[in-house]
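The structure appears right after this line, and notes come after that.
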Amino acid sequence: MNREENRLRTLYADIIVDISHEKLDKTFQYRVPERLRDRLEPGACVMIPFGNGNRLIKGYVVSIGDQCQFAPEKIKEIAGLPEKETGVEDKMIALADQETTESRLIALAGWMKENYGSTMIQALKTVLPAKQTVKKLEHRQLVRLMNREELLSLLGECERKKQVAKARLLKALSEQETIPYEWITGKLGVSAATVNSIVKVGAAKLVSSESYRNPVTVQAEETTHNTLSSEQQTIVTEVLTDFDAGRRQTYLIHGITGSGKTEVYMQLIGEMIKRGRQAIVLIPEIALTYQTLLRFYQRFGDRVSVMNSTLSPGEKYDQCERAKAGEIDVIIGPRSALFTPFPNLGLIVMDEEQENSYKSESTPKYHARETAMEVAKLYKASVVLGSATPSLEAYYRAGKGEYRLFHLTKRLTGGELPTVHTVDLRQELKEGNRSIFSRKLQELMTDRLSKGQQTILFLNRRGYAGFVSCRACGEVMKCPHCDVSLSEHKGGRLICHYCGYTQPLPKLCPKCGSKYILGFKAGTQQIEDKLKELYPGVRTLRMDADTTRTKDSYEKILSAFSNGEADVLIGTQMIVKGHDFPKVTLVGILAADLSLNASDYRAGERTFQLLTQAVGRAGRGKEPGQAVIQTYDPDHYSITTAKEQNYEAFYGQEIEYRKMMRYPPVWNMLYILCASKNEAAASEAAVALMGKIDQIVRENSEKIFSIGPSDAPVAKISDVYRKVIYVKTREYQTLVILKDGLEAFIKDNRLYQNVAVGFDFNPVNGF
């Protein structure tokens, strides 16, 4: 199509209406007038005629194209661009900032839709949560109006009339001029009616004020800034030099555990604040929020806040409003914190960037790393990634020059990395030790307990036990709705962790009638029980999915352990990521092979990262640390390199494996899921998709490899059947184009009326 033909096309814009007031559940199509053809793009703010009265309201463009969804004569035309409001200059600047922020986030939603395979509405709901119908936090106070002598006279009258509650309130008012309403009804136990009677006689008045909710409850005094090492200072200087010169880049800090990455982050953020910019600090686990927040709060005070799933809707909404209003400079939280609407974002920090939790499990299945880079591009900000065990994706890109790589090679305390012992569990069993704890680990735990030092015991398992099976015939107790085994929990209940199905533990095998029904007990609770048998009186804390269900549970457990209220902390992955406990001198890794044997091409990488992070929790204070890795495969390169804390050696072997097998990051992969309550419908839809893929592959000159369709790793969940297809090629954009073609094929095809199709690029959970 030549340029003139392109100019003759009628363009239509899909517009989301009045975002700050309407639910994000529908777009409206408008014709683009000739005068605006070259001025509109996704995210642009426009004025549109709306409703029967054609009142002009504000809307935001989410996409532009030449396909008309309705009868052309019924399509209204965009009226124009919003005029600049008159008024004080500050108001205009604030309004412009707010509109720019919303426009950026809408443009980001368009990018996510295109690159991760979702509808625009799904992407919008991710970056712009619907406005909550919550009131601001109201503070009410009772303010004294009468002088003290008048109050005492009224007090005496109430005492004579035996008006006890009223007298109690008047006495308090005589001693202080202002009393919080919650204190009156709580501490004083005075009813609202009594308060009103005091107000009625003119003794006092009720004053109300509104404020934003602040979820930060830490109490921390400011501390002096640590002097940076030469390695740390080099990073700070280089990043700021690039920033000030307009070279906004992505940086990867590969720093050994305890090398002071957080101090680098804080120094950079402090400099960004001086430049009038804000910062987002991403952390992979809610469990890390407390310690991270404490350190940042000590540096930046109440200019810091948090954003995570434990907050109430009102708290989440208020943090966004505080960010817009300029009340905070730093937000800390998991991947959703990335969408905090700061007006002038300057820096995004992504700590522990290798973690799987940075990949969304719901549509759009975005990865925080790439999305952070797109956010930074929209704001002209910088991105800093940090890890002791970088993801292969990040290190591979750094090697190609896409990221700038820095190294931190020394521990801040000057101490050495922990001494690591590898124990072959096969040999332990041969020599008669059937305990969960190897003899080496028992020896070291005994030593730590005698010295009053702390220990962390790590197990990559959840619940009281794993699968339950019959030891006579091998029958495994499975969920009737999902293709997975049930897990045994305390109270003799079997639970499905996918759909929540529950049943009692059977006394006899349903297949052969045997009474030997047993669970594979390797849960954190089991370890705690065995530890207390071995060391009576030992003080333990357990941190796993079952003990951290309530709000503030993470903070309470971590704070108690940090304060020395327990000798041993037992837990799953959340206890070995980023925590800093100076009194911990021993880490025991009880089942190193559990992640190594997963049906996942990333299993080796996961195991290395997990072991390295776990080992790194020991010896972060003045005392040297030790770690014990218990394994059935001590010669696997993931375990030998983790023992040596040698990332480069691990990376060299792992990247060769990925090249040979055509896996990410060398190749890119698209995972396509077809799901339906009807298995035949899911299969037919998947086969049709595979046919369309083959057609596209034949038309494409690039090498594209497809696998499937086949059953998903979990073939049925909640009575929904799941079929999968994998497509691999070198260029990511080739997969995006393929996804677009498949979406067009699905749109009007009857095969997909009762089949849901989802796309996931470079899935972090492998196969």
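Scheme for the structure tokens: letters A, B, ... for chains in order shown; per-chain residue numbers from 1; ligand numbers from 1 in order shown.
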
If you take only C-alpha atoms and a cut-off of 12 Å, which residues of region 633-699 of chain A touch region 420-443 of chain A, and what are their nearest atom pairs and distances in Å to one decimal, in chain and number order, as CSV?
```
residue,atom,partner,partner_atom,distance
A:Asp633,CA,A:Asp424,CA,7.1
A:Pro634,CA,A:Asp424,CA,6.2
A:Asp635,CA,A:Asp424,CA,9.5
A:His636,CA,A:Thr422,CA,11.5
A:Ile639,CA,A:Thr422,CA,8.5
A:Thr640,CA,A:Thr422,CA,8.6
A:Thr641,CA,A:Val420,CA,11.0
A:Ala642,CA,A:Val420,CA,9.0
A:Lys643,CA,A:Val420,CA,5.7
A:Glu644,CA,A:Val420,CA,7.7
A:Gln645,CA,A:Val420,CA,9.2
```

Write the selection just made, keeping C-alpha atoms, as an mmCIF file, in the first residue's frame?
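Output saved as part12.cif:
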```
data_model
loop_
_atom_site.group_PDB
_atom_site.id
_atom_site.type_symbol
_atom_site.label_atom_id
_atom_site.label_comp_id
_atom_site.auth_asym_id
_atom_site.auth_seq_id
_atom_site.Cartn_x
_atom_site.Cartn_y
_atom_site.Cartn_z
ATOM 1 C CA ASP A 633 23.647 -36.354 43.781
ATOM 2 C CA PRO A 634 26.753 -34.592 45.165
ATOM 3 C CA ASP A 635 28.557 -34.613 41.790
ATOM 4 C CA HIS A 636 25.925 -32.667 39.813
ATOM 5 C CA ILE A 639 25.636 -28.647 43.483
ATOM 6 C CA THR A 640 29.420 -28.595 43.041
ATOM 7 C CA THR A 641 29.414 -25.007 41.734
ATOM 8 C CA ALA A 642 26.985 -23.892 44.475
ATOM 9 C CA LYS A 643 29.351 -25.377 47.053
ATOM 10 C CA GLU A 644 32.189 -23.345 45.532
ATOM 11 C CA GLN A 645 29.894 -20.253 45.153
#
```

Next on the checklist: If DSSP is run on the backbone, what residues of region 371-582 of chain A are strand (DSSP E)? A reply as a ChimeraX atom specification would be ideal.
Outcome noted: /A:382-387,404-408,419-424,454-458,468-470,487-489,493-495,502-504,517-519,540-543,568-571

Suppose we keep N, CA and C atoms; can you now write the selection as a short mmCIF file (atom, residue, chain, number, x, y, z; two decimals), in the first residue's frame?
```cif
data_model
loop_
_atom_site.label_atom_id
_atom_site.label_comp_id
_atom_site.auth_asym_id
_atom_site.auth_seq_id
_atom_site.Cartn_x
_atom_site.Cartn_y
_atom_site.Cartn_z
N SER A 382 16.17 4.92 34.76
CA SER A 382 17.18 3.86 34.73
C SER A 382 16.68 2.63 35.47
N VAL A 383 17.21 1.46 35.11
CA VAL A 383 16.85 0.20 35.77
C VAL A 383 18.12 -0.44 36.32
N VAL A 384 18.07 -0.85 37.59
CA VAL A 384 19.19 -1.55 38.20
C VAL A 384 18.71 -2.93 38.66
N LEU A 385 19.30 -3.98 38.11
CA LEU A 385 19.02 -5.35 38.50
C LEU A 385 20.12 -5.82 39.43
N GLY A 386 19.77 -6.57 40.48
CA GLY A 386 20.79 -7.04 41.40
C GLY A 386 20.57 -8.48 41.80
N SER A 387 21.66 -9.25 41.91
CA SER A 387 21.53 -10.64 42.35
C SER A 387 22.90 -11.23 42.63
N ARG A 404 24.52 -3.23 31.16
CA ARG A 404 25.88 -2.93 31.62
C ARG A 404 26.12 -3.71 32.91
N LEU A 405 27.20 -4.47 32.95
CA LEU A 405 27.46 -5.41 34.05
C LEU A 405 28.48 -4.84 35.04
N PHE A 406 28.13 -4.94 36.34
CA PHE A 406 29.04 -4.58 37.42
C PHE A 406 29.20 -5.78 38.35
N HIS A 407 30.34 -5.85 39.04
CA HIS A 407 30.59 -6.95 39.98
C HIS A 407 30.89 -6.38 41.37
N LEU A 408 30.35 -7.03 42.40
CA LEU A 408 30.74 -6.78 43.78
C LEU A 408 31.32 -8.09 44.30
N THR A 419 31.98 -21.74 54.83
CA THR A 419 32.54 -23.04 54.48
C THR A 419 31.38 -23.99 54.23
N VAL A 420 31.40 -24.69 53.09
CA VAL A 420 30.27 -25.54 52.70
C VAL A 420 30.68 -27.01 52.74
N HIS A 421 29.84 -27.83 53.39
CA HIS A 421 30.04 -29.27 53.45
C HIS A 421 28.95 -29.95 52.63
N THR A 422 29.32 -30.84 51.75
CA THR A 422 28.34 -31.62 50.99
C THR A 422 28.27 -33.02 51.60
N VAL A 423 27.05 -33.45 51.93
CA VAL A 423 26.86 -34.77 52.54
C VAL A 423 26.09 -35.65 51.56
N ASP A 424 26.65 -36.83 51.25
CA ASP A 424 26.01 -37.81 50.37
C ASP A 424 25.04 -38.64 51.21
N GLN A 454 22.68 -18.90 66.03
CA GLN A 454 21.43 -19.31 65.38
C GLN A 454 21.68 -20.16 64.13
N THR A 455 20.66 -20.96 63.81
CA THR A 455 20.72 -21.87 62.65
C THR A 455 19.47 -21.69 61.80
N ILE A 456 19.62 -21.81 60.49
CA ILE A 456 18.48 -21.86 59.57
C ILE A 456 18.46 -23.24 58.93
N LEU A 457 17.29 -23.88 58.97
CA LEU A 457 17.10 -25.16 58.28
C LEU A 457 16.12 -24.93 57.13
N PHE A 458 16.59 -25.24 55.94
CA PHE A 458 15.80 -24.95 54.74
C PHE A 458 15.32 -26.23 54.07
N VAL A 468 0.60 -39.19 49.48
CA VAL A 468 0.22 -40.33 50.32
C VAL A 468 0.00 -41.52 49.40
N SER A 469 0.63 -42.65 49.73
CA SER A 469 0.51 -43.82 48.87
C SER A 469 0.38 -45.10 49.69
N CYS A 470 -0.03 -46.15 48.98
CA CYS A 470 -0.13 -47.47 49.60
C CYS A 470 1.22 -48.17 49.43
N SER A 487 -2.01 -33.98 49.22
CA SER A 487 -0.99 -33.83 50.27
C SER A 487 -1.63 -33.99 51.64
N GLU A 488 -0.91 -34.65 52.53
CA GLU A 488 -1.41 -34.87 53.88
C GLU A 488 -1.09 -33.67 54.76
N HIS A 489 -2.10 -33.19 55.48
CA HIS A 489 -1.93 -32.12 56.45
C HIS A 489 -2.35 -32.63 57.82
N ARG A 493 -6.15 -34.93 57.19
CA ARG A 493 -6.84 -34.47 55.99
C ARG A 493 -5.91 -34.52 54.79
N LEU A 494 -6.47 -34.93 53.64
CA LEU A 494 -5.75 -34.88 52.37
C LEU A 494 -6.28 -33.69 51.58
N ILE A 495 -5.36 -32.84 51.09
CA ILE A 495 -5.77 -31.59 50.44
C ILE A 495 -5.11 -31.48 49.07
N THR A 502 -10.75 -31.53 49.51
CA THR A 502 -10.32 -32.12 50.78
C THR A 502 -11.06 -33.42 51.03
N GLN A 503 -10.34 -34.40 51.58
CA GLN A 503 -10.98 -35.65 52.00
C GLN A 503 -10.20 -36.21 53.19
N PRO A 504 -10.84 -37.06 53.99
CA PRO A 504 -10.13 -37.67 55.12
C PRO A 504 -9.08 -38.66 54.62
N ILE A 517 -1.20 -47.35 54.48
CA ILE A 517 -1.35 -46.07 53.79
C ILE A 517 -0.48 -45.05 54.53
N LEU A 518 0.54 -44.55 53.87
CA LEU A 518 1.49 -43.66 54.54
C LEU A 518 1.82 -42.47 53.66
N GLY A 519 2.14 -41.37 54.33
CA GLY A 519 2.58 -40.18 53.61
C GLY A 519 4.08 -40.11 53.52
N THR A 540 12.22 -22.90 68.47
CA THR A 540 12.09 -22.92 67.01
C THR A 540 11.03 -21.94 66.53
N LEU A 541 11.21 -21.49 65.30
CA LEU A 541 10.20 -20.74 64.57
C LEU A 541 10.08 -21.38 63.20
N ARG A 542 8.85 -21.46 62.69
CA ARG A 542 8.62 -22.08 61.39
C ARG A 542 8.00 -21.05 60.45
N MET A 543 8.54 -20.96 59.25
CA MET A 543 8.04 -19.98 58.28
C MET A 543 7.78 -20.66 56.95
N VAL A 568 16.49 -21.74 66.14
CA VAL A 568 16.45 -22.32 64.79
C VAL A 568 15.23 -21.79 64.05
N LEU A 569 15.44 -21.33 62.82
CA LEU A 569 14.35 -20.95 61.93
C LEU A 569 14.24 -22.01 60.85
N ILE A 570 13.04 -22.61 60.74
CA ILE A 570 12.80 -23.68 59.77
C ILE A 570 11.84 -23.14 58.72
N GLY A 571 12.14 -23.37 57.45
CA GLY A 571 11.20 -22.84 56.47
C GLY A 571 11.47 -23.27 55.05
#
```

Next on the checklist: Neighbouring residues of Ala682 (chain A) were defined as those with any atom within 9 Å, considering only C-alpha atoms; residues of the same chain fewer than 4 positions away were excluded. Please report them as a count of residues only.
Outcome noted: 15

Checklist entry - Residues at most 9 Å from Ile348 (chain A), counting only C-alpha atoms, excluding those fewer than 4 positions away in the same chain, as a PyMOL selection string? => result chain A and resi 278-282+338+372-373+375-376+381-385

Residues within 8 Å of Ala203 (chain A), please, as a short mmCIF file (atom, residue, chain, number, x, y, z; two decimals) with N, CA and C atoms, in the first residue's frame. Count only C-alpha atoms; anything in the same chain fewer than 4 positions from it doesn't count.
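Final output, saved to result.cif:
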```
data_model
loop_
_atom_site.label_atom_id
_atom_site.label_comp_id
_atom_site.auth_asym_id
_atom_site.auth_seq_id
_atom_site.Cartn_x
_atom_site.Cartn_y
_atom_site.Cartn_z
N ARG A 144 -11.54 21.07 73.22
CA ARG A 144 -12.13 21.81 74.34
C ARG A 144 -12.48 23.24 73.92
N LEU A 145 -13.70 23.70 74.33
CA LEU A 145 -14.13 25.07 74.07
C LEU A 145 -14.18 25.89 75.36
N MET A 146 -14.71 25.30 76.47
CA MET A 146 -14.77 26.00 77.76
C MET A 146 -13.38 26.12 78.37
N LEU A 151 -15.11 24.00 82.97
CA LEU A 151 -15.17 22.54 82.86
C LEU A 151 -15.25 21.88 84.23
N ILE A 198 -21.85 16.39 75.57
CA ILE A 198 -20.80 17.37 75.91
C ILE A 198 -20.74 18.47 74.85
N VAL A 199 -20.85 18.04 73.59
CA VAL A 199 -20.83 19.00 72.48
C VAL A 199 -22.04 19.92 72.55
#
```

Item to check | CA of Glu149 (chain A) to CA of Lys205 (chain A), distance in Å rounded to a single decimal | outcome: 17.5 Å

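When the distance limit is 8 Å and only C-alpha atoms are what count, the residues near Ile707 (chain A), minus those fewer than 4 positions from it on the same chain, are Ile725, Tyr726 and Val727 of chain A.
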
Could you save the residues just selected, with N, CA, C and O atoms, as a JSON list (two decimals), in the first residue's frame?
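After the write, selection.json holds the following:
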```json
[["chain", "number", "residue", "atom", "x", "y", "z"],
["A", 725, "ILE", "N", 0.89, -26.60, 23.50],
["A", 725, "ILE", "CA", 1.77, -26.57, 22.33],
["A", 725, "ILE", "C", 2.95, -25.67, 22.69],
["A", 725, "ILE", "O", 2.77, -24.62, 23.32],
["A", 726, "TYR", "N", 4.17, -26.07, 22.28],
["A", 726, "TYR", "CA", 5.36, -25.25, 22.47],
["A", 726, "TYR", "C", 5.93, -24.88, 21.11],
["A", 726, "TYR", "O", 6.02, -25.72, 20.22],
["A", 727, "VAL", "N", 6.31, -23.62, 20.96],
["A", 727, "VAL", "CA", 6.95, -23.15, 19.73],
["A", 727, "VAL", "C", 8.25, -22.46, 20.11],
["A", 727, "VAL", "O", 8.28, -21.62, 21.02]]
```

Within 6 Å of region 103-116 of chain A using only C-alpha atoms, minus same-chain residues under 6 positions, as a PDB file with N, CA and C atoms, in the first residue's frame:
```pdb
ATOM      1  N   PRO A  42      -1.439   5.286  21.037  1.00  0.00           N
ATOM      2  CA  PRO A  42      -1.964   4.703  22.274  1.00  0.00           C
ATOM      3  C   PRO A  42      -1.472   5.469  23.501  1.00  0.00           C
ATOM      4  N   GLY A  43      -2.428   5.775  24.389  1.00  0.00           N
ATOM      5  CA  GLY A  43      -2.111   6.539  25.587  1.00  0.00           C
ATOM      6  C   GLY A  43      -2.483   8.004  25.478  1.00  0.00           C
ATOM      7  N   ALA A  44      -2.778   8.503  24.239  1.00  0.00           N
ATOM      8  CA  ALA A  44      -3.105   9.917  24.060  1.00  0.00           C
ATOM      9  C   ALA A  44      -4.441  10.253  24.713  1.00  0.00           C
ATOM     10  N   ALA A 123      -4.884  -6.099  30.260  1.00  0.00           N
ATOM     11  CA  ALA A 123      -3.663  -5.329  30.487  1.00  0.00           C
ATOM     12  C   ALA A 123      -3.949  -4.045  31.251  1.00  0.00           C
ATOM     13  N   LEU A 124      -5.050  -3.376  30.913  1.00  0.00           N
ATOM     14  CA  LEU A 124      -5.416  -2.146  31.613  1.00  0.00           C
ATOM     15  C   LEU A 124      -5.711  -2.401  33.084  1.00  0.00           C
ATOM     16  N   PRO A 364      -2.251 -10.636  31.794  1.00  0.00           N
ATOM     17  CA  PRO A 364      -1.111 -10.928  30.923  1.00  0.00           C
ATOM     18  C   PRO A 364       0.076 -11.470  31.721  1.00  0.00           C
ATOM     19  N   LYS A 365       0.710 -12.496  31.182  1.00  0.00           N
ATOM     20  CA  LYS A 365       1.793 -13.163  31.904  1.00  0.00           C
ATOM     21  C   LYS A 365       3.117 -12.426  31.657  1.00  0.00           C
ATOM     22  N   TYR A 366       3.158 -11.208  32.201  1.00  0.00           N
ATOM     23  CA  TYR A 366       4.320 -10.354  31.985  1.00  0.00           C
ATOM     24  C   TYR A 366       5.456 -10.726  32.937  1.00  0.00           C
TER      25      TYR A 366
END
```

Item to check | Residues flagged helix (DSSP H, G or I) by DSSP in region 114-172 of chain A, as a PyMOL selection string | outcome: chain A and resi 114-116+120-127+148-160+164-172

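Candidate residues A:Ala79, A:Leu268, A:Ala165, A:Val207 were compared for distance to Ser191 (chain A), and the nearest is A:Ala165, using only C-alpha atoms.
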
Checklist entry - Which distance in Å separates CA of Glu263 (chain A) and CA of Tyr251 (chain A), to one decimal? => result 15.6 Å

Contacts of region 325-371 of chain A with region 593-608 of chain A up to 10 Å, shortest pair per row, only C-alpha atoms, as a Markdown table:
```
| residue | atom | partner | partner_atom | distance |
| --- | --- | --- | --- | --- |
| A:Gln354 | CA | A:Arg606 | CA | 9.1 |
| A:Glu355 | CA | A:Arg606 | CA | 8.9 |
| A:Asn356 | CA | A:Arg606 | CA | 9.1 |
```
